[in-house]
>>> print(open('entry.cif').read())   # mmCIF, C-alpha atoms
data_coords
loop_
_atom_site.group_PDB
_atom_site.id
_atom_site.type_symbol
_atom_site.label_atom_id
_atom_site.label_comp_id
_atom_site.auth_asym_id
_atom_site.auth_seq_id
_atom_site.Cartn_x
_atom_site.Cartn_y
_atom_site.Cartn_z
ATOM 1 C CA MET A 1 99.535 108.210 70.823
ATOM 2 C CA ASN A 2 97.756 106.418 73.680
ATOM 3 C CA PHE A 3 99.231 107.256 77.052
ATOM 4 C CA VAL A 4 98.627 104.877 79.945
ATOM 5 C CA LEU A 5 100.339 107.227 82.383
ATOM 6 C CA GLN A 6 101.333 110.886 82.303
ATOM 7 C CA VAL A 7 103.302 112.433 85.155
ATOM 8 C CA LYS A 8 103.137 116.205 84.880
ATOM 9 C CA ASN A 9 105.256 118.675 86.836
ATOM 10 C CA LEU A 10 105.339 116.325 89.841
ATOM 11 C CA SER A 11 107.033 117.468 93.046
ATOM 12 C CA ILE A 12 107.251 115.499 96.294
ATOM 13 C CA ASP A 13 108.210 117.030 99.642
ATOM 14 C CA ILE A 14 109.410 115.411 102.836
ATOM 15 C CA LYS A 15 108.210 117.189 105.965
ATOM 16 C CA ALA A 16 110.677 117.464 108.850
ATOM 17 C CA GLU A 17 111.512 120.689 110.722
ATOM 18 C CA LYS A 18 110.699 122.228 107.341
ATOM 19 C CA ASN A 19 109.718 120.919 103.914
ATOM 20 C CA TYR A 20 112.480 119.463 101.765
ATOM 21 C CA THR A 21 112.017 118.750 98.058
ATOM 22 C CA ALA A 22 112.798 115.120 97.224
ATOM 23 C CA VAL A 23 111.318 115.044 93.699
ATOM 24 C CA ASP A 24 111.450 118.316 91.792
ATOM 25 C CA HIS A 25 108.960 119.032 88.966
ATOM 26 C CA ILE A 26 109.447 115.912 86.853
ATOM 27 C CA ASN A 27 107.589 115.093 83.627
ATOM 28 C CA PHE A 28 107.316 111.778 81.781
ATOM 29 C CA ASP A 29 104.763 109.481 80.178
ATOM 30 C CA ILE A 30 104.290 105.799 79.408
ATOM 31 C CA ASN A 31 102.579 104.547 76.261
ATOM 32 C CA GLU A 32 100.386 101.466 75.965
ATOM 33 C CA GLY A 33 102.526 98.329 75.886
ATOM 34 C CA GLU A 34 105.753 100.220 76.585
ATOM 35 C CA ILE A 35 108.459 99.413 79.140
ATOM 36 C CA VAL A 36 110.010 102.565 80.582
ATOM 37 C CA GLY A 37 112.959 102.423 82.963
ATOM 38 C CA ILE A 38 113.956 104.902 85.648
ATOM 39 C CA VAL A 39 117.629 104.668 86.585
ATOM 40 C CA GLY A 40 119.760 106.522 89.097
ATOM 41 C CA GLU A 41 121.689 106.056 92.318
ATOM 42 C CA SER A 42 119.992 105.487 95.654
ATOM 43 C CA GLY A 43 118.450 108.703 96.934
ATOM 44 C CA CYS A 44 117.583 110.120 93.496
ATOM 45 C CA GLY A 45 113.800 109.861 93.993
ATOM 46 C CA LYS A 46 112.996 106.789 91.905
ATOM 47 C CA SER A 47 111.061 104.828 94.524
ATOM 48 C CA LEU A 48 109.296 107.934 95.845
ATOM 49 C CA THR A 49 108.028 108.561 92.321
ATOM 50 C CA ALA A 50 106.679 105.005 92.126
ATOM 51 C CA LEU A 51 105.073 105.181 95.573
ATOM 52 C CA SER A 52 103.394 108.488 94.702
ATOM 53 C CA ILE A 53 101.747 106.830 91.674
ATOM 54 C CA MET A 54 100.453 104.035 93.924
ATOM 55 C CA GLY A 55 99.328 106.444 96.648
ATOM 56 C CA LEU A 56 101.655 104.772 99.161
ATOM 57 C CA LEU A 57 103.647 107.755 100.441
ATOM 58 C CA SER A 58 104.161 107.813 104.207
ATOM 59 C CA LYS A 59 102.538 110.462 106.401
ATOM 60 C CA ASN A 60 105.510 112.832 106.386
ATOM 61 C CA VAL A 61 105.804 112.708 102.581
ATOM 62 C CA GLU A 62 103.375 114.514 100.267
ATOM 63 C CA VAL A 63 102.878 115.466 96.637
ATOM 64 C CA SER A 64 103.304 119.236 96.685
ATOM 65 C CA ALA A 65 102.646 119.929 92.992
ATOM 66 C CA GLY A 66 101.700 118.308 89.714
ATOM 67 C CA ASN A 67 99.378 115.670 88.311
ATOM 68 C CA ILE A 68 99.483 111.898 87.840
ATOM 69 C CA ILE A 69 97.162 111.058 84.943
ATOM 70 C CA PHE A 70 96.156 107.415 84.475
ATOM 71 C CA ASN A 71 93.714 106.613 81.679
ATOM 72 C CA GLN A 72 92.826 110.332 81.483
ATOM 73 C CA LYS A 73 92.029 110.528 85.229
ATOM 74 C CA ASP A 74 94.140 112.464 87.728
ATOM 75 C CA LEU A 75 94.881 109.943 90.486
ATOM 76 C CA LEU A 76 95.635 112.751 92.930
ATOM 77 C CA ALA A 77 92.143 114.205 92.494
ATOM 78 C CA LEU A 78 90.215 110.949 92.994
ATOM 79 C CA GLN A 79 88.376 110.002 96.157
ATOM 80 C CA LYS A 80 89.865 107.185 98.268
ATOM 81 C CA LYS A 81 87.241 104.661 97.102
ATOM 82 C CA GLU A 82 87.904 105.494 93.446
ATOM 83 C CA ARG A 83 91.656 105.032 93.919
ATOM 84 C CA GLN A 84 91.176 101.715 95.707
ATOM 85 C CA ALA A 85 89.195 100.429 92.715
ATOM 86 C CA ILE A 86 92.218 101.162 90.479
ATOM 87 C CA PHE A 87 95.160 100.053 92.646
ATOM 88 C CA GLY A 88 95.709 96.306 92.552
ATOM 89 C CA LYS A 89 93.495 95.942 89.486
ATOM 90 C CA ASP A 90 94.484 98.443 86.781
ATOM 91 C CA ILE A 91 97.777 99.478 88.414
ATOM 92 C CA SER A 92 99.873 96.972 90.354
ATOM 93 C CA MET A 93 103.304 97.056 91.929
ATOM 94 C CA ILE A 94 106.112 94.553 92.461
ATOM 95 C CA PHE A 95 108.152 95.565 95.475
ATOM 96 C CA GLN A 96 111.907 95.325 95.966
ATOM 97 C CA GLU A 97 112.022 92.854 98.858
ATOM 98 C CA PRO A 98 109.466 90.016 98.530
ATOM 99 C CA MET A 99 110.295 88.609 101.966
ATOM 100 C CA THR A 100 109.233 91.847 103.656
ATOM 101 C CA SER A 101 106.262 92.373 101.318
ATOM 102 C CA LEU A 102 104.699 88.937 101.742
ATOM 103 C CA ASN A 103 102.797 88.137 104.940
ATOM 104 C CA PRO A 104 104.899 85.483 106.756
ATOM 105 C CA LEU A 105 101.826 84.126 108.590
ATOM 106 C CA MET A 106 99.615 83.613 105.538
ATOM 107 C CA LYS A 107 99.821 80.889 102.908
ATOM 108 C CA ILE A 108 100.768 81.975 99.394
ATOM 109 C CA GLY A 109 97.426 81.002 97.842
ATOM 110 C CA LYS A 110 95.450 83.178 100.268
ATOM 111 C CA GLN A 111 97.744 86.160 99.677
ATOM 112 C CA ILE A 112 97.356 86.009 95.901
ATOM 113 C CA GLU A 113 93.590 85.553 96.280
ATOM 114 C CA GLU A 114 93.217 88.897 98.042
ATOM 115 C CA ALA A 115 93.305 90.932 94.814
ATOM 116 C CA LEU A 116 90.581 88.712 93.323
ATOM 117 C CA SER A 117 88.439 89.078 96.453
ATOM 118 C CA LEU A 118 88.707 92.873 96.260
ATOM 119 C CA HIS A 119 88.228 93.350 92.539
ATOM 120 C CA THR A 120 86.099 90.426 91.281
ATOM 121 C CA ASN A 121 82.969 88.479 92.194
ATOM 122 C CA LEU A 122 84.498 85.055 91.577
ATOM 123 C CA ASP A 123 83.464 82.146 93.781
ATOM 124 C CA LYS A 124 85.969 80.270 95.972
ATOM 125 C CA GLU A 125 86.785 77.509 93.478
ATOM 126 C CA SER A 126 87.187 79.939 90.583
ATOM 127 C CA LYS A 127 89.601 82.060 92.630
ATOM 128 C CA LYS A 128 91.710 79.004 93.410
ATOM 129 C CA GLU A 129 91.852 78.144 89.713
ATOM 130 C CA TYR A 130 92.882 81.724 88.856
ATOM 131 C CA VAL A 131 95.654 81.604 91.485
ATOM 132 C CA LYS A 132 96.907 78.260 90.187
ATOM 133 C CA ASN A 133 97.017 79.562 86.600
ATOM 134 C CA ALA A 134 98.765 82.770 87.733
ATOM 135 C CA LEU A 135 101.516 80.729 89.396
ATOM 136 C CA LEU A 136 101.887 78.516 86.333
ATOM 137 C CA LYS A 137 102.193 81.605 84.100
ATOM 138 C CA VAL A 138 105.166 82.869 86.119
ATOM 139 C CA GLY A 139 106.964 79.542 85.781
ATOM 140 C CA LEU A 140 106.087 77.917 89.112
ATOM 141 C CA SER A 141 105.128 74.423 87.958
ATOM 142 C CA GLU A 142 104.264 73.033 91.407
ATOM 143 C CA ALA A 143 101.478 75.579 91.746
ATOM 144 C CA GLU A 144 99.230 73.612 94.106
ATOM 145 C CA LYS A 145 102.113 72.897 96.500
ATOM 146 C CA ILE A 146 103.175 76.554 96.495
ATOM 147 C CA MET A 147 99.619 77.721 97.195
ATOM 148 C CA LYS A 148 99.756 75.752 100.452
ATOM 149 C CA SER A 149 103.245 77.015 101.365
ATOM 150 C CA TYR A 150 104.357 79.913 103.552
ATOM 151 C CA PRO A 151 106.820 82.517 102.166
ATOM 152 C CA PHE A 152 109.773 81.246 104.241
ATOM 153 C CA GLU A 153 109.457 77.852 102.529
ATOM 154 C CA LEU A 154 110.285 79.381 99.128
ATOM 155 C CA SER A 155 113.577 80.616 97.661
ATOM 156 C CA GLY A 156 114.113 84.308 96.881
ATOM 157 C CA GLY A 157 113.486 83.734 93.186
ATOM 158 C CA MET A 158 110.264 81.835 93.873
ATOM 159 C CA GLN A 159 109.091 84.574 96.241
ATOM 160 C CA GLN A 160 109.656 87.183 93.545
ATOM 161 C CA ARG A 161 107.686 85.105 91.031
ATOM 162 C CA VAL A 162 104.860 84.912 93.576
ATOM 163 C CA MET A 163 104.966 88.712 93.855
ATOM 164 C CA ILE A 164 104.717 88.964 90.057
ATOM 165 C CA ALA A 165 101.781 86.508 90.009
ATOM 166 C CA MET A 166 100.067 88.573 92.715
ATOM 167 C CA ALA A 167 100.637 91.829 90.824
ATOM 168 C CA THR A 168 99.438 90.503 87.462
ATOM 169 C CA ILE A 169 96.497 88.270 88.429
ATOM 170 C CA CYS A 170 93.968 91.004 87.570
ATOM 171 C CA ASN A 171 95.751 91.729 84.256
ATOM 172 C CA PRO A 172 96.697 95.376 85.057
ATOM 173 C CA LYS A 173 97.236 98.016 82.395
ATOM 174 C CA LEU A 174 100.294 99.329 84.257
ATOM 175 C CA LEU A 175 102.801 97.317 86.266
ATOM 176 C CA ILE A 176 105.329 99.151 88.454
ATOM 177 C CA ALA A 177 108.443 97.106 89.242
ATOM 178 C CA ASP A 178 110.589 98.734 91.947
ATOM 179 C CA GLU A 179 114.063 97.153 91.854
ATOM 180 C CA PRO A 180 112.545 93.660 91.458
ATOM 181 C CA THR A 181 115.896 91.938 90.811
ATOM 182 C CA THR A 182 118.122 93.588 93.434
ATOM 183 C CA ALA A 183 118.241 90.698 95.925
ATOM 184 C CA LEU A 184 118.493 87.946 93.282
ATOM 185 C CA ASP A 185 121.455 86.062 91.855
ATOM 186 C CA VAL A 186 122.389 86.714 88.230
ATOM 187 C CA THR A 187 120.643 83.627 86.811
ATOM 188 C CA THR A 188 117.384 84.266 88.664
ATOM 189 C CA GLN A 189 117.613 87.954 87.785
ATOM 190 C CA THR A 190 117.731 87.072 84.076
ATOM 191 C CA GLN A 191 114.731 84.758 84.451
ATOM 192 C CA VAL A 192 112.683 87.481 86.175
ATOM 193 C CA LEU A 193 113.559 90.005 83.454
ATOM 194 C CA GLN A 194 112.532 87.512 80.758
ATOM 195 C CA LEU A 195 109.278 86.883 82.617
ATOM 196 C CA LEU A 196 108.449 90.597 82.797
ATOM 197 C CA LYS A 197 109.217 90.975 79.101
ATOM 198 C CA LYS A 198 106.923 88.025 78.328
ATOM 199 C CA ILE A 199 104.092 89.590 80.371
ATOM 200 C CA ASN A 200 104.597 92.810 78.442
ATOM 201 C CA THR A 201 104.514 90.989 75.088
ATOM 202 C CA ASP A 202 101.666 88.573 75.816
ATOM 203 C CA TYR A 203 99.288 90.953 77.601
ATOM 204 C CA HIS A 204 100.418 94.342 76.252
ATOM 205 C CA THR A 205 101.019 95.426 79.854
ATOM 206 C CA SER A 206 102.859 98.729 80.257
ATOM 207 C CA ILE A 207 105.729 98.523 82.755
ATOM 208 C CA LEU A 208 107.537 101.183 84.775
ATOM 209 C CA PHE A 209 110.817 99.479 85.721
ATOM 210 C CA ILE A 210 112.924 101.105 88.442
ATOM 211 C CA SER A 211 116.562 100.242 89.090
ATOM 212 C CA HIS A 212 119.880 101.726 90.174
ATOM 213 C CA ASP A 213 121.569 99.368 87.687
ATOM 214 C CA VAL A 214 121.662 100.700 84.127
ATOM 215 C CA GLY A 215 122.970 97.291 83.005
ATOM 216 C CA VAL A 216 119.638 95.740 84.009
ATOM 217 C CA ILE A 217 117.577 98.641 82.649
ATOM 218 C CA LYS A 218 119.067 98.387 79.164
ATOM 219 C CA GLN A 219 118.079 94.702 78.865
ATOM 220 C CA ILE A 220 114.339 95.263 79.117
ATOM 221 C CA CYS A 221 113.321 98.895 78.525
ATOM 222 C CA ASP A 222 112.119 100.690 75.402
ATOM 223 C CA ARG A 223 112.943 104.089 76.886
ATOM 224 C CA ILE A 224 115.141 105.223 79.775
ATOM 225 C CA ILE A 225 114.620 108.048 82.263
ATOM 226 C CA VAL A 226 117.791 109.127 84.081
ATOM 227 C CA MET A 227 117.081 110.682 87.483
ATOM 228 C CA TYR A 228 119.518 112.570 89.655
ATOM 229 C CA SER A 229 118.764 114.266 92.971
ATOM 230 C CA GLY A 230 115.012 114.338 92.373
ATOM 231 C CA GLN A 231 115.197 115.616 88.796
ATOM 232 C CA ILE A 232 115.065 114.029 85.348
ATOM 233 C CA VAL A 233 118.364 114.947 83.693
ATOM 234 C CA GLU A 234 117.974 112.872 80.518
ATOM 235 C CA ILE A 235 115.262 110.851 78.825
ATOM 236 C CA GLY A 236 115.165 109.013 75.530
ATOM 237 C CA LYS A 237 114.896 105.746 73.641
ATOM 238 C CA THR A 238 117.183 103.066 75.051
ATOM 239 C CA ARG A 239 119.270 102.956 71.881
ATOM 240 C CA ASP A 240 119.751 106.751 71.907
ATOM 241 C CA ILE A 241 120.775 106.752 75.578
ATOM 242 C CA LEU A 242 123.233 103.868 75.137
ATOM 243 C CA GLU A 243 124.783 105.023 71.857
ATOM 244 C CA ASN A 244 124.697 108.778 72.429
ATOM 245 C CA PRO A 245 124.432 109.708 76.118
ATOM 246 C CA LEU A 246 124.314 113.475 76.534
ATOM 247 C CA HIS A 247 124.450 114.168 80.261
ATOM 248 C CA GLU A 248 127.712 113.596 82.136
ATOM 249 C CA TYR A 249 125.792 111.682 84.809
ATOM 250 C CA THR A 250 124.375 109.283 82.202
ATOM 251 C CA LYS A 251 127.875 108.794 80.778
ATOM 252 C CA GLY A 252 129.177 108.035 84.266
ATOM 253 C CA LEU A 253 126.483 105.412 84.883
ATOM 254 C CA LEU A 254 127.205 103.713 81.556
ATOM 255 C CA ASN A 255 130.980 103.756 82.097
ATOM 256 C CA SER A 256 130.548 102.052 85.456
ATOM 257 C CA ILE A 257 129.016 98.911 83.885
ATOM 258 C CA PRO A 258 131.478 95.982 83.996
ATOM 259 C CA LEU A 259 131.985 94.850 80.382
ATOM 260 C CA ARG A 260 134.104 92.094 78.866
ATOM 261 C CA LYS A 261 136.147 94.600 76.835
ATOM 262 C CA ARG A 262 137.148 96.330 80.085
ATOM 263 C CA LYS A 263 138.332 93.092 81.725
ATOM 264 C CA GLY A 264 141.392 93.679 83.884
ATOM 265 C CA LYS A 265 140.896 97.439 83.959
ATOM 266 C CA PRO A 266 139.595 99.332 87.013
ATOM 267 C CA LEU A 267 135.935 100.312 86.798
ATOM 268 C CA GLU A 268 135.231 103.975 86.348
ATOM 269 C CA CYS A 269 133.225 105.614 89.089
ATOM 270 C CA ILE A 270 131.472 108.938 89.554
ATOM 271 C CA PRO A 271 133.273 110.920 92.277
ATOM 272 C CA GLY A 272 131.334 112.258 95.248
ATOM 273 C CA ARG A 273 127.775 111.355 96.277
ATOM 274 C CA VAL A 274 124.144 112.262 95.675
ATOM 275 C CA PRO A 275 123.392 115.356 97.809
ATOM 276 C CA ALA A 276 121.050 114.915 100.766
ATOM 277 C CA ILE A 277 117.666 116.609 100.426
ATOM 278 C CA THR A 278 118.589 118.857 103.370
ATOM 279 C CA GLU A 279 121.502 120.374 101.444
ATOM 280 C CA LYS A 280 121.121 123.621 99.511
ATOM 281 C CA ARG A 281 119.818 123.042 96.002
ATOM 282 C CA LEU A 282 122.109 124.236 93.223
ATOM 283 C CA ALA A 283 121.302 125.409 89.699
ATOM 284 C CA CYS A 284 122.631 122.033 88.531
ATOM 285 C CA GLN A 285 122.657 119.463 91.297
ATOM 286 C CA PHE A 286 125.267 117.362 89.505
ATOM 287 C CA ALA A 287 127.753 120.232 89.044
ATOM 288 C CA PRO A 288 129.936 119.413 92.116
ATOM 289 C CA ARG A 289 130.560 115.896 90.726
ATOM 290 C CA CYS A 290 130.872 116.840 87.056
ATOM 291 C CA LYS A 291 134.307 117.082 85.414
ATOM 292 C CA LYS A 292 132.949 119.488 82.794
ATOM 293 C CA ALA A 293 131.138 121.860 85.184
ATOM 294 C CA ASN A 294 131.787 125.586 84.832
ATOM 295 C CA VAL A 295 130.569 128.822 86.454
ATOM 296 C CA LEU A 296 127.311 128.729 84.460
ATOM 297 C CA CYS A 297 126.436 125.318 85.897
ATOM 298 C CA PHE A 298 126.406 126.722 89.424
ATOM 299 C CA ALA A 299 124.633 129.962 88.491
ATOM 300 C CA GLN A 300 121.854 129.070 86.030
ATOM 301 C CA VAL A 301 119.357 126.219 85.906
ATOM 302 C CA PRO A 302 119.824 124.325 82.600
ATOM 303 C CA GLU A 303 116.866 124.198 80.229
ATOM 304 C CA ARG A 304 115.444 120.960 78.887
ATOM 305 C CA ILE A 305 116.556 120.688 75.267
ATOM 306 C CA GLU A 306 115.751 118.060 72.606
ATOM 307 C CA LYS A 307 118.654 116.457 70.732
ATOM 308 C CA THR A 308 116.618 114.135 68.498
ATOM 309 C CA THR A 309 112.944 113.150 68.594
ATOM 310 C CA GLY A 310 112.118 112.203 72.169
ATOM 311 C CA HIS A 311 115.725 112.511 73.417
ATOM 312 C CA TYR A 312 115.858 115.303 76.004
ATOM 313 C CA VAL A 313 118.601 116.499 78.327
ATOM 314 C CA LYS A 314 119.076 119.179 80.987
ATOM 315 C CA CYS A 315 122.739 120.169 80.801
ATOM 316 C CA HIS A 316 124.576 123.362 79.760
ATOM 317 C CA GLU A 317 127.502 121.434 78.272
ATOM 318 C CA ALA A 318 125.214 119.152 76.255
ATOM 319 C CA GLN A 319 123.270 122.178 75.054
ATOM 320 C CA LYS A 320 126.476 123.704 73.645
ATOM 321 C CA GLU A 321 127.213 120.488 71.739
ATOM 322 C CA ILE A 322 123.645 120.255 70.420
ATOM 323 C CA ASN A 323 123.647 123.906 69.292
ATOM 324 C CA TYR A 324 127.040 123.384 67.616
ATOM 325 C CA ASP A 325 125.767 120.307 65.743
ATOM 326 C CA ARG A 326 122.808 122.296 64.451
ATOM 327 C CA THR A 327 124.910 125.166 63.055
#
>>> encode(input="entry.cif", output="structure tokens")
Amino acid sequence: MNFVLQVKNLSIDIKAEKNYTAVDHINFDINEGEIVGIVGESGCGKSLTALSIMGLLSKNVEVSAGNIIFNQKDLLALQKKERQAIFGKDISMIFQEPMTSLNPLMKIGKQIEEALSLHTNLDKESKKEYVKNALLKVGLSEAEKIMKSYPFELSGGMQQRVMIAMATICNPKLLIADEPTTALDVTTQTQVLQLLKKINTDYHTSILFISHDVGVIKQICDRIIVMYSGQIVEIGKTRDILENPLHEYTKGLLNSIPLRKRKGKPLECIPGRVPAITEKRLACQFAPRCKKANVLCFAQVPERIEKTTGHYVKCHEAQKEINYDRT
């Protein structure tokens, strides 16, 4: 199996009056041409994980343990110049808010050109042609007009398509999409998801798709990673997660999706909140919110156990059910 990315035993700390663990020894991988989704509520560590891959953590945030292997190279061990040659070319990122990510004082064409200027030796005319084609590929038919426009002159959906064009112009092996549909209406959201799927199909680009919305994740991803309070609590193929969720947190996320068959009924919700990183870490961080939690959940860290091939969970209650099924 050819891995594009392997995250091994990764921990991320936030430094304040003392160090607090925000991401706690997580492990996952992404295969060539695969779309992997990370889902969880705000504050679970999804975006920090993405930013650590891109080397964009702020000064008070640091990787305290683990490895991030891209194309058999540990990104954390590379020199700054070596990393800069990879980011924007082989690994690109689409950010959550295009309006705050795009430079308001620079025309769209110049902003998209920057990646080509850094990573290619193309002449001025060739770069313009590449930019035009990149905009056409993401469904912006008036490419030449948009190249001469400023971000504020475009709608939110058009801005997000520009961000996708910018991220994919160098044909990266890995594309990280951090909540790319959050600020969009439902119709535009669907169009952006279809566009990302097309990029994945046409160019065999691997995608790490991050969202708090499991309803969006299930539309596009081959596999799903469920994160809670800085830990991966369940991981598996999308079909396995949807048809046979094992962790109570995963079940809660799925039950909170508004579906036609639940029309007229109140939406289920998970009681409580994600604990702050300053709060004492428990054996199972989800135990205070879990209706099936028992004494063991508060006393002993659950092991990662495999239900079926590639479907893993960290939960004492799920482990009992799995062991029972196997007897």
>>> closest_residue(input="entry.cif", among="A:Thr21, A:Ile176, A:Ile112, A:Ala77", to="Leu51 (chain A)", atoms="all atoms listed in the file")
A:Ile176
>>> resolve_selection(input="entry.cif", expression="the PyMOL selection byres ((chain A and resi 113-116) around 8)", output="list in words")
Gly88, Lys89, Gly109, Lys110, Gln111, Ile112, Ser117, Leu118, His119, Thr120, Asn121, Leu122, Lys127, Lys128, Val131, Met166, Ile169 and Cys170 of chain A
>>> residues_around(input="entry.cif", residues="Met158 (chain A)", least_positions_apart="3", cutoff="12 Å", atoms="all atoms listed in the file", output="PyMOL selection string")
chain A and resi 98-99+102+108+135-136+138-143+146-147+149-155+161-165+181+184+188-189+191-192
>>> closest_residue(input="entry.cif", among="A:Tyr228, A:Lys265, A:Glu32, A:Lys292", to="Asn200 (chain A)", atoms="all atoms listed in the file")
A:Glu32
>>> atom_distance(input="entry.cif", atom1="CA of Asp123 (chain A)", atom2="CA of Asn71 (chain A)")
29.2 Å
>>> residues_near_point(input="entry.cif", point="(120.0, 102.9, 89.5)", cutoff="7 Å", atoms="only C-alpha atoms", output="VMD selection string")
chain A and resid 39 to 42 211 to 214
>>> residues_near_point(input="entry.cif", point="(100.0, 106.3, 73.7)", cutoff="10 Å", atoms="all atoms listed in the file", output="list of chain:residue names")
A:Met1, A:Asn2, A:Phe3, A:Val4, A:Leu5, A:Gln6, A:Asp29, A:Ile30, A:Asn31, A:Glu32, A:Gly33, A:Glu34
>>> closest_residue(input="entry.cif", among="A:Val36, A:Ala16, A:Leu105, A:Leu78", to="Glu62 (chain A)", atoms="only C-alpha atoms")
A:Ala16
>>> closest_residue(input="entry.cif", among="A:Ala276, A:Gln79, A:His311, A:Cys284", to="Glu243 (chain A)", atoms="only C-alpha atoms")
A:His311
>>> atom_distance(input="entry.cif", atom1="CA of Leu242 (chain A)", atom2="CA of Ile210 (chain A)")
17.1 Å
>>> atom_distance(input="entry.cif", atom1="CA of Lys46 (chain A)", atom2="CA of Val23 (chain A)")
8.6 Å
>>> closest_residue(input="entry.cif", among="A:Ala167, A:Val216, A:Leu48, A:Ile38", to="Pro258 (chain A)", atoms="only C-alpha atoms")
A:Val216
>>> build_atoms(input="entry.cif", residues="region 47-53 of chain A", atoms="all heavy atoms", output="PDB file, keeping the file's coordinate frame")
ATOM      1  N   SER A  47     112.102 105.555  93.789  1.00  0.00           N
ATOM      2  CA  SER A  47     111.061 104.828  94.524  1.00  0.00           C
ATOM      3  C   SER A  47     109.961 105.754  95.023  1.00  0.00           C
ATOM      4  O   SER A  47     108.786 105.371  95.034  1.00  0.00           O
ATOM      5  CB  SER A  47     111.681 104.060  95.697  1.00  0.00           C
ATOM      6  OG  SER A  47     112.490 103.007  95.227  1.00  0.00           O
ATOM      7  N   LEU A  48     110.314 106.965  95.419  1.00  0.00           N
ATOM      8  CA  LEU A  48     109.296 107.934  95.845  1.00  0.00           C
ATOM      9  C   LEU A  48     108.330 108.235  94.706  1.00  0.00           C
ATOM     10  O   LEU A  48     107.120 108.368  94.915  1.00  0.00           O
ATOM     11  CB  LEU A  48     109.947 109.238  96.319  1.00  0.00           C
ATOM     12  CG  LEU A  48     110.374 109.336  97.780  1.00  0.00           C
ATOM     13  CD1 LEU A  48     110.929 110.723  98.067  1.00  0.00           C
ATOM     14  CD2 LEU A  48     109.238 109.007  98.725  1.00  0.00           C
ATOM     15  N   THR A  49     108.870 108.332  93.493  1.00  0.00           N
ATOM     16  CA  THR A  49     108.028 108.561  92.321  1.00  0.00           C
ATOM     17  C   THR A  49     107.040 107.405  92.143  1.00  0.00           C
ATOM     18  O   THR A  49     105.843 107.628  91.922  1.00  0.00           O
ATOM     19  CB  THR A  49     108.898 108.717  91.057  1.00  0.00           C
ATOM     20  OG1 THR A  49     109.790 109.828  91.232  1.00  0.00           O
ATOM     21  CG2 THR A  49     108.042 108.949  89.824  1.00  0.00           C
ATOM     22  N   ALA A  50     107.544 106.182  92.265  1.00  0.00           N
ATOM     23  CA  ALA A  50     106.679 105.005  92.126  1.00  0.00           C
ATOM     24  C   ALA A  50     105.620 104.966  93.218  1.00  0.00           C
ATOM     25  O   ALA A  50     104.437 104.709  92.950  1.00  0.00           O
ATOM     26  CB  ALA A  50     107.527 103.737  92.176  1.00  0.00           C
ATOM     27  N   LEU A  51     106.015 105.225  94.445  1.00  0.00           N
ATOM     28  CA  LEU A  51     105.073 105.181  95.573  1.00  0.00           C
ATOM     29  C   LEU A  51     104.013 106.268  95.461  1.00  0.00           C
ATOM     30  O   LEU A  51     102.866 106.081  95.875  1.00  0.00           O
ATOM     31  CB  LEU A  51     105.832 105.323  96.893  1.00  0.00           C
ATOM     32  CG  LEU A  51     106.733 104.130  97.268  1.00  0.00           C
ATOM     33  CD1 LEU A  51     107.577 104.463  98.489  1.00  0.00           C
ATOM     34  CD2 LEU A  51     105.904 102.875  97.527  1.00  0.00           C
ATOM     35  N   SER A  52     104.383 107.406  94.881  1.00  0.00           N
ATOM     36  CA  SER A  52     103.394 108.488  94.702  1.00  0.00           C
ATOM     37  C   SER A  52     102.327 108.080  93.690  1.00  0.00           C
ATOM     38  O   SER A  52     101.148 108.431  93.832  1.00  0.00           O
ATOM     39  CB  SER A  52     104.085 109.781  94.248  1.00  0.00           C
ATOM     40  OG  SER A  52     104.568 109.678  92.921  1.00  0.00           O
ATOM     41  N   ILE A  53     102.719 107.322  92.665  1.00  0.00           N
ATOM     42  CA  ILE A  53     101.747 106.830  91.674  1.00  0.00           C
ATOM     43  C   ILE A  53     100.764 105.875  92.342  1.00  0.00           C
ATOM     44  O   ILE A  53      99.562 105.914  92.092  1.00  0.00           O
ATOM     45  CB  ILE A  53     102.469 106.143  90.497  1.00  0.00           C
ATOM     46  CG1 ILE A  53     103.341 107.152  89.738  1.00  0.00           C
ATOM     47  CG2 ILE A  53     101.446 105.515  89.532  1.00  0.00           C
ATOM     48  CD1 ILE A  53     104.300 106.509  88.742  1.00  0.00           C
TER      49      ILE A  53
END
